[in-house]
Amino acid sequence: MSIWSRLQDHRKSQGALRIEALFAADPDRAAGFSTSAEGLVLDWSKTMIDAQARELLLELAAPVPERREAMFAGQRINETEDRAVLHTALRNLGASVSVDGQDVMPEVRATHARMRAFADAVRDGSFAGQGGKITDVINIGIGGSDLGPAMATRALSPWHDGPRLHFVSNVDGADIADTLKGLDPATTLVIFASKTFTTIETMTNARTALDWMAASVTQPAQQFAALSSATARTAEWGIDAARVFGFEDWVGGRYSMWGPIGLSLMIAIGPEQFDRFLAGGAAMDRHFRQAPLAENLPVILALVGIWHHQVCGYGTRAVLPYDNRLGRLPAYLQQLEMESNGKRVAMDGSELTVPSGPVVWGEPGTNGQHAFYQLIHQGTAVVPCEFIIAARGHEPELAHHHLLLIANCLAQSEALMRGRSLDEARVLMQAKGLSGAELERQARHRVFPGNRPSTTLLISELDPYTLGQIVALYEHRVFVEGVILGINSFDQWGVELGKELALKVAPLLEGKPAPGHDPSTEQLAQLIRDARA
């Protein structure tokens with residue numbers, strides 16, 4: 001019998017067992033089902049994973065060490081694209097790392113040093129553009145070229161002491177129009193983030209930025225920098241090679257914030273704090289490589305996710321950071337998880353026999369409590385929740401705010417687990433003076449089924465080092481899930497088809513011949529042409 005079958009059988013054997021019963025049976029459960037590393041603590045005791053389930057899940061993780069070392073050794077584990085996977089090298093500025101027998105670290109260190117020098121020049125005014133001082137920086141990218149630095153810049157706003165940062169990603173003209181409004185081209189640095197310098201959304205926005213810049217300054221390209229390996233294309237734009245920062249094909253877009261794609265973040269918080277961010281990621285790398293599987297934070301987080309989605313059949317996962325500055329983290333993790341593990345075939349091309357990745361979503365607390373927590377608590381679908389909370393806030397004078405924030409976070413996970421029985425609801429309604437059929441009706445509306453699982457990631461305080469740990473933790477979690485599922489977490493072919501078809505639909509919108517489209521698309525295109533006429 002396969003491990004998957006044994007896990008399914010064990011889950012069925014739990015029947016109507018409740019999480020609270022696991023605590024009653026094991027007074028030390030909270031400690032026994034918590035995992036810590038480098039100041040981070042993951043409490044996963046509020047799940048239905050018991051000792052037997054844990055052992056079975058750890059069996060699933062048996063292939064992880066070999067695959068993990070292959071990744072860190074620079075082997076081409078991205079097999080469909082024949083590439084190594086070495087984003088970890090970008091935060092490892094010490095030891096050598098080889099790809100095809102060549103140490104890649106000298107180039108990584110050289111690029112990092114160039115980034116530092118340019119960031120310092122922008123921050124101290126040595127690079128002044130044509131307006132005397134750079135006051136604003138626009139990062140134009142999409143996907144991993146936007147989500148990472150946009151998320152991290154917001155998360156690390158207390159350390160943001162450089163120019164104002166703006167991020168443009170959507171090809172919708174409203175995005176760049178709203179961003180450019182009120183900015184001075186002469187004091188604005190525009191960073192184009194596209195490895196190939198061909199990404200259609202990014203290059204469309206880039207041309208609009210060029211037109212905007214050219215209308216006001218004599219040498220627009222002097223206000224530009226590029227995060228790209230396509231040096232011939234950046235040269236065509238007139239961007240000085242000193243302001244072009246490339247990266248290798250072994251860095252995937254959604255894993256690229258650690259290198260040149262993080263330039264905007266480095267400019268915002270400074271090279272020293274950016275290096276602390278890298279150090280946090282490197283610390284998590286060491287833990288991931290050295291800790292036994294049963295004590296390994298990324299492994300345990302992955303196994304909890306596997307249990308909830310592939311074993312229990314829960315279709316979504318809510319990421320709920322109780323930190324307003326982590327407001328973009330759910331969107332960042334949405335791409336990381338769903339673009340990595342949203343696959344349907346195994347590495348050998350065979351159909352998957354278990355579901356692939358779940359839908360990932362979320363918002364920061366406490367805002368979410370007044371939005372979608374109703375469904376989480378009383379809806380018909382079970383949504384595993386992943387809470388993130390810091391023991392300390394950044395503003396000591398507002399410590400009372402932070403204590404209330406923590407209280408809400410802990411209360412939500414407890415409420416999800418405990419719920420409220422019908423008998424308890426009846427007592428509440430009796431206290432309000434109700435009786436008979438009306439009491440019964442009102443009581444039923446106040447029942448919480450409970451037994452809804454959650455994890456809590458506790459950090460000491462959100463700072464650059466800790467953010468690096470968190471991002472690397474989730475990167476490795478996705479990797480472990482991919483290894484267990486037998487899929488390639490590092491390609492994204494599902495992104496391509498819609499992009500290809502968009503190029504074929506464009507002529508249709510202009511009334512040009514464009515055969516091969518379905519009647520619905522043709523009808524919509526005709527209606528749009530009519531509305532625009």
# chains A, B, ... in the order shown; residues from 1 in each chain; ligands from 1
>>> residues_around(residues="A:Arg91", least_positions_apart="2", cutoff="7 Å", atoms="only C-alpha atoms", output="NGL selection string")
:A and (88-89 or 93 or 258 or 278-279 or 281-282)
>>> residues_around(residues="A:Val304", least_positions_apart="4", cutoff="8 Å", atoms="only C-alpha atoms", output="list in words")
Trp44, Ile49, Ile300 and His308 of chain A
>>> write_last_selection(atoms="all heavy atoms", output="short mmCIF file (atom, residue, chain, number, x, y, z; two decimals), in the first residue's frame")
data_model
loop_
_atom_site.label_atom_id
_atom_site.label_comp_id
_atom_site.auth_asym_id
_atom_site.auth_seq_id
_atom_site.Cartn_x
_atom_site.Cartn_y
_atom_site.Cartn_z
N TRP A 44 2.17 24.14 14.85
CA TRP A 44 1.23 23.44 13.97
C TRP A 44 0.40 22.43 14.76
O TRP A 44 -0.14 21.47 14.22
CB TRP A 44 1.97 22.77 12.81
CG TRP A 44 3.22 22.00 13.19
CD1 TRP A 44 4.38 22.48 13.69
CD2 TRP A 44 3.41 20.59 13.06
NE1 TRP A 44 5.29 21.46 13.89
CE2 TRP A 44 4.72 20.29 13.50
CE3 TRP A 44 2.61 19.53 12.60
CZ2 TRP A 44 5.24 18.99 13.52
CZ3 TRP A 44 3.13 18.25 12.61
CH2 TRP A 44 4.42 17.99 13.06
N ILE A 49 -3.09 16.66 12.51
CA ILE A 49 -1.91 15.79 12.38
C ILE A 49 -1.54 15.26 13.77
O ILE A 49 -1.23 16.03 14.68
CB ILE A 49 -0.73 16.58 11.78
CG1 ILE A 49 -1.09 17.09 10.39
CG2 ILE A 49 0.52 15.71 11.72
CD1 ILE A 49 -0.03 17.99 9.77
N ILE A 300 8.48 20.82 7.55
CA ILE A 300 7.24 20.69 8.35
C ILE A 300 6.13 21.55 7.76
O ILE A 300 4.98 21.10 7.64
CB ILE A 300 7.51 21.07 9.81
CG1 ILE A 300 8.47 20.07 10.47
CG2 ILE A 300 6.20 21.14 10.60
CD1 ILE A 300 7.99 18.63 10.46
N HIS A 308 -3.17 19.01 4.51
CA HIS A 308 -4.44 19.71 4.37
C HIS A 308 -5.01 19.63 2.95
O HIS A 308 -6.22 19.46 2.79
CB HIS A 308 -4.27 21.18 4.78
CG HIS A 308 -4.17 21.37 6.25
ND1 HIS A 308 -3.44 22.38 6.85
CD2 HIS A 308 -4.69 20.64 7.28
CE1 HIS A 308 -3.53 22.28 8.15
NE2 HIS A 308 -4.28 21.24 8.44
#
>>> select_by_dssp(residues="stretch 270-495 of chain A", states="alpha helix (DSSP H)", output="ChimeraX atom specification")
/A:271-290,297-306,329-341,373-378,399-418,422-431,436-445,464-485
>>> atom_distance(atom1="atom CA of A:Glu351", atom2="atom CA of A:Leu501")
25.1 Å
>>> closest_atom_pairs(of="stretch 91-177 of chain A", to="stretch 70-79 of chain A", cutoff="12 Å", atoms="only C-alpha atoms", output="JSON lines")
{"residue": "A:Asn92", "atom": "CA", "partner": "A:Phe72", "partner_atom": "CA", "distance": 10.7}
{"residue": "A:Ala95", "atom": "CA", "partner": "A:Phe72", "partner_atom": "CA", "distance": 11.5}
{"residue": "A:Ser96", "atom": "CA", "partner": "A:Ala73", "partner_atom": "CA", "distance": 9.9}
{"residue": "A:Val97", "atom": "CA", "partner": "A:Ala73", "partner_atom": "CA", "distance": 6.7}
{"residue": "A:Ser98", "atom": "CA", "partner": "A:Gly74", "partner_atom": "CA", "distance": 5.9}
{"residue": "A:Val99", "atom": "CA", "partner": "A:Gly74", "partner_atom": "CA", "distance": 5.0}
{"residue": "A:Asp100", "atom": "CA", "partner": "A:Gly74", "partner_atom": "CA", "distance": 7.7}
{"residue": "A:Gly101", "atom": "CA", "partner": "A:Gly74", "partner_atom": "CA", "distance": 9.1}
{"residue": "A:Gln102", "atom": "CA", "partner": "A:Gly74", "partner_atom": "CA", "distance": 9.9}
{"residue": "A:Asp103", "atom": "CA", "partner": "A:Gly74", "partner_atom": "CA", "distance": 9.8}
{"residue": "A:Val104", "atom": "CA", "partner": "A:Gly74", "partner_atom": "CA", "distance": 9.5}
{"residue": "A:Met105", "atom": "CA", "partner": "A:Gly74", "partner_atom": "CA", "distance": 11.6}
>>> residues_around(residues="stretch 315-331 of chain A", least_positions_apart="5", cutoff="7 Å", atoms="only C-alpha atoms", output="number ranges by chain")
A: 151, 154-155, 309, 358-366, 383-389, 405, 409
>>> write_last_selection(atoms="N, CA, C and O atoms", output="short mmCIF file (atom, residue, chain, number, x, y, z; two decimals), in the first residue's frame")
data_model
loop_
_atom_site.label_atom_id
_atom_site.label_comp_id
_atom_site.auth_asym_id
_atom_site.auth_seq_id
_atom_site.Cartn_x
_atom_site.Cartn_y
_atom_site.Cartn_z
N MET A 151 6.45 43.94 -2.43
CA MET A 151 6.10 43.37 -1.12
C MET A 151 7.12 43.76 -0.07
O MET A 151 6.79 44.21 1.03
N ARG A 154 7.29 47.53 1.04
CA ARG A 154 6.23 47.86 2.00
C ARG A 154 6.53 47.24 3.35
O ARG A 154 6.35 47.87 4.40
N ALA A 155 6.99 45.99 3.36
CA ALA A 155 7.24 45.29 4.61
C ALA A 155 8.32 46.00 5.44
O ALA A 155 8.26 46.02 6.67
N HIS A 309 -4.15 19.73 1.94
CA HIS A 309 -4.68 19.77 0.57
C HIS A 309 -4.78 18.38 -0.04
O HIS A 309 -5.87 17.95 -0.45
N PRO A 358 -2.62 24.04 -3.92
CA PRO A 358 -3.92 24.63 -3.58
C PRO A 358 -4.01 26.08 -4.06
O PRO A 358 -3.03 26.67 -4.51
N VAL A 359 -5.19 26.65 -3.96
CA VAL A 359 -5.38 28.08 -4.17
C VAL A 359 -4.88 28.79 -2.91
O VAL A 359 -5.28 28.44 -1.79
N VAL A 360 -4.00 29.77 -3.09
CA VAL A 360 -3.44 30.52 -1.96
C VAL A 360 -3.98 31.94 -2.01
O VAL A 360 -3.97 32.58 -3.07
N TRP A 361 -4.44 32.43 -0.88
CA TRP A 361 -5.01 33.77 -0.85
C TRP A 361 -4.90 34.31 0.57
O TRP A 361 -4.48 33.61 1.48
N GLY A 362 -5.26 35.55 0.77
CA GLY A 362 -5.25 36.09 2.12
C GLY A 362 -5.14 37.60 2.14
O GLY A 362 -4.93 38.26 1.12
N GLU A 363 -5.28 38.14 3.33
CA GLU A 363 -5.18 39.56 3.61
C GLU A 363 -4.66 39.70 5.03
O GLU A 363 -4.73 38.77 5.84
N PRO A 364 -4.13 40.87 5.37
CA PRO A 364 -3.64 41.04 6.74
C PRO A 364 -4.76 41.14 7.75
O PRO A 364 -5.86 41.60 7.43
N GLY A 365 -4.47 40.67 8.96
CA GLY A 365 -5.40 40.88 10.07
C GLY A 365 -5.09 42.25 10.69
O GLY A 365 -3.97 42.71 10.62
N THR A 366 -6.06 42.90 11.25
CA THR A 366 -7.40 42.44 11.55
C THR A 366 -8.41 42.75 10.45
O THR A 366 -9.61 42.45 10.62
N VAL A 383 -11.18 25.98 5.45
CA VAL A 383 -10.04 26.73 4.90
C VAL A 383 -8.91 26.69 5.92
O VAL A 383 -8.98 27.39 6.94
N PRO A 384 -7.87 25.90 5.71
CA PRO A 384 -6.72 25.95 6.62
C PRO A 384 -6.12 27.35 6.61
O PRO A 384 -5.95 27.97 5.55
N CYS A 385 -5.79 27.86 7.78
CA CYS A 385 -5.28 29.22 7.92
C CYS A 385 -3.84 29.20 8.42
O CYS A 385 -3.49 28.41 9.30
N GLU A 386 -3.04 30.09 7.86
CA GLU A 386 -1.65 30.23 8.29
C GLU A 386 -1.46 31.65 8.82
O GLU A 386 -1.36 32.61 8.06
N PHE A 387 -1.44 31.76 10.15
CA PHE A 387 -1.28 33.05 10.80
C PHE A 387 0.21 33.38 10.94
O PHE A 387 1.03 32.49 11.17
N ILE A 388 0.54 34.65 10.81
CA ILE A 388 1.90 35.13 11.04
C ILE A 388 1.80 36.32 11.98
O ILE A 388 1.04 37.26 11.74
N ILE A 389 2.57 36.29 13.07
CA ILE A 389 2.50 37.37 14.05
C ILE A 389 3.88 37.61 14.64
O ILE A 389 4.66 36.66 14.81
N LEU A 405 -3.46 43.55 18.58
CA LEU A 405 -3.27 42.79 17.34
C LEU A 405 -2.95 41.34 17.66
O LEU A 405 -3.54 40.41 17.07
N CYS A 409 -5.06 37.81 16.84
CA CYS A 409 -4.48 36.69 16.09
C CYS A 409 -4.65 35.37 16.86
O CYS A 409 -5.12 34.38 16.30
#
>>> residues_around(residues="A:Ser169", least_positions_apart="3", cutoff="6 Å", atoms="only C-alpha atoms", output="list in words")
Ile140, Gly141 and Ile142 of chain A
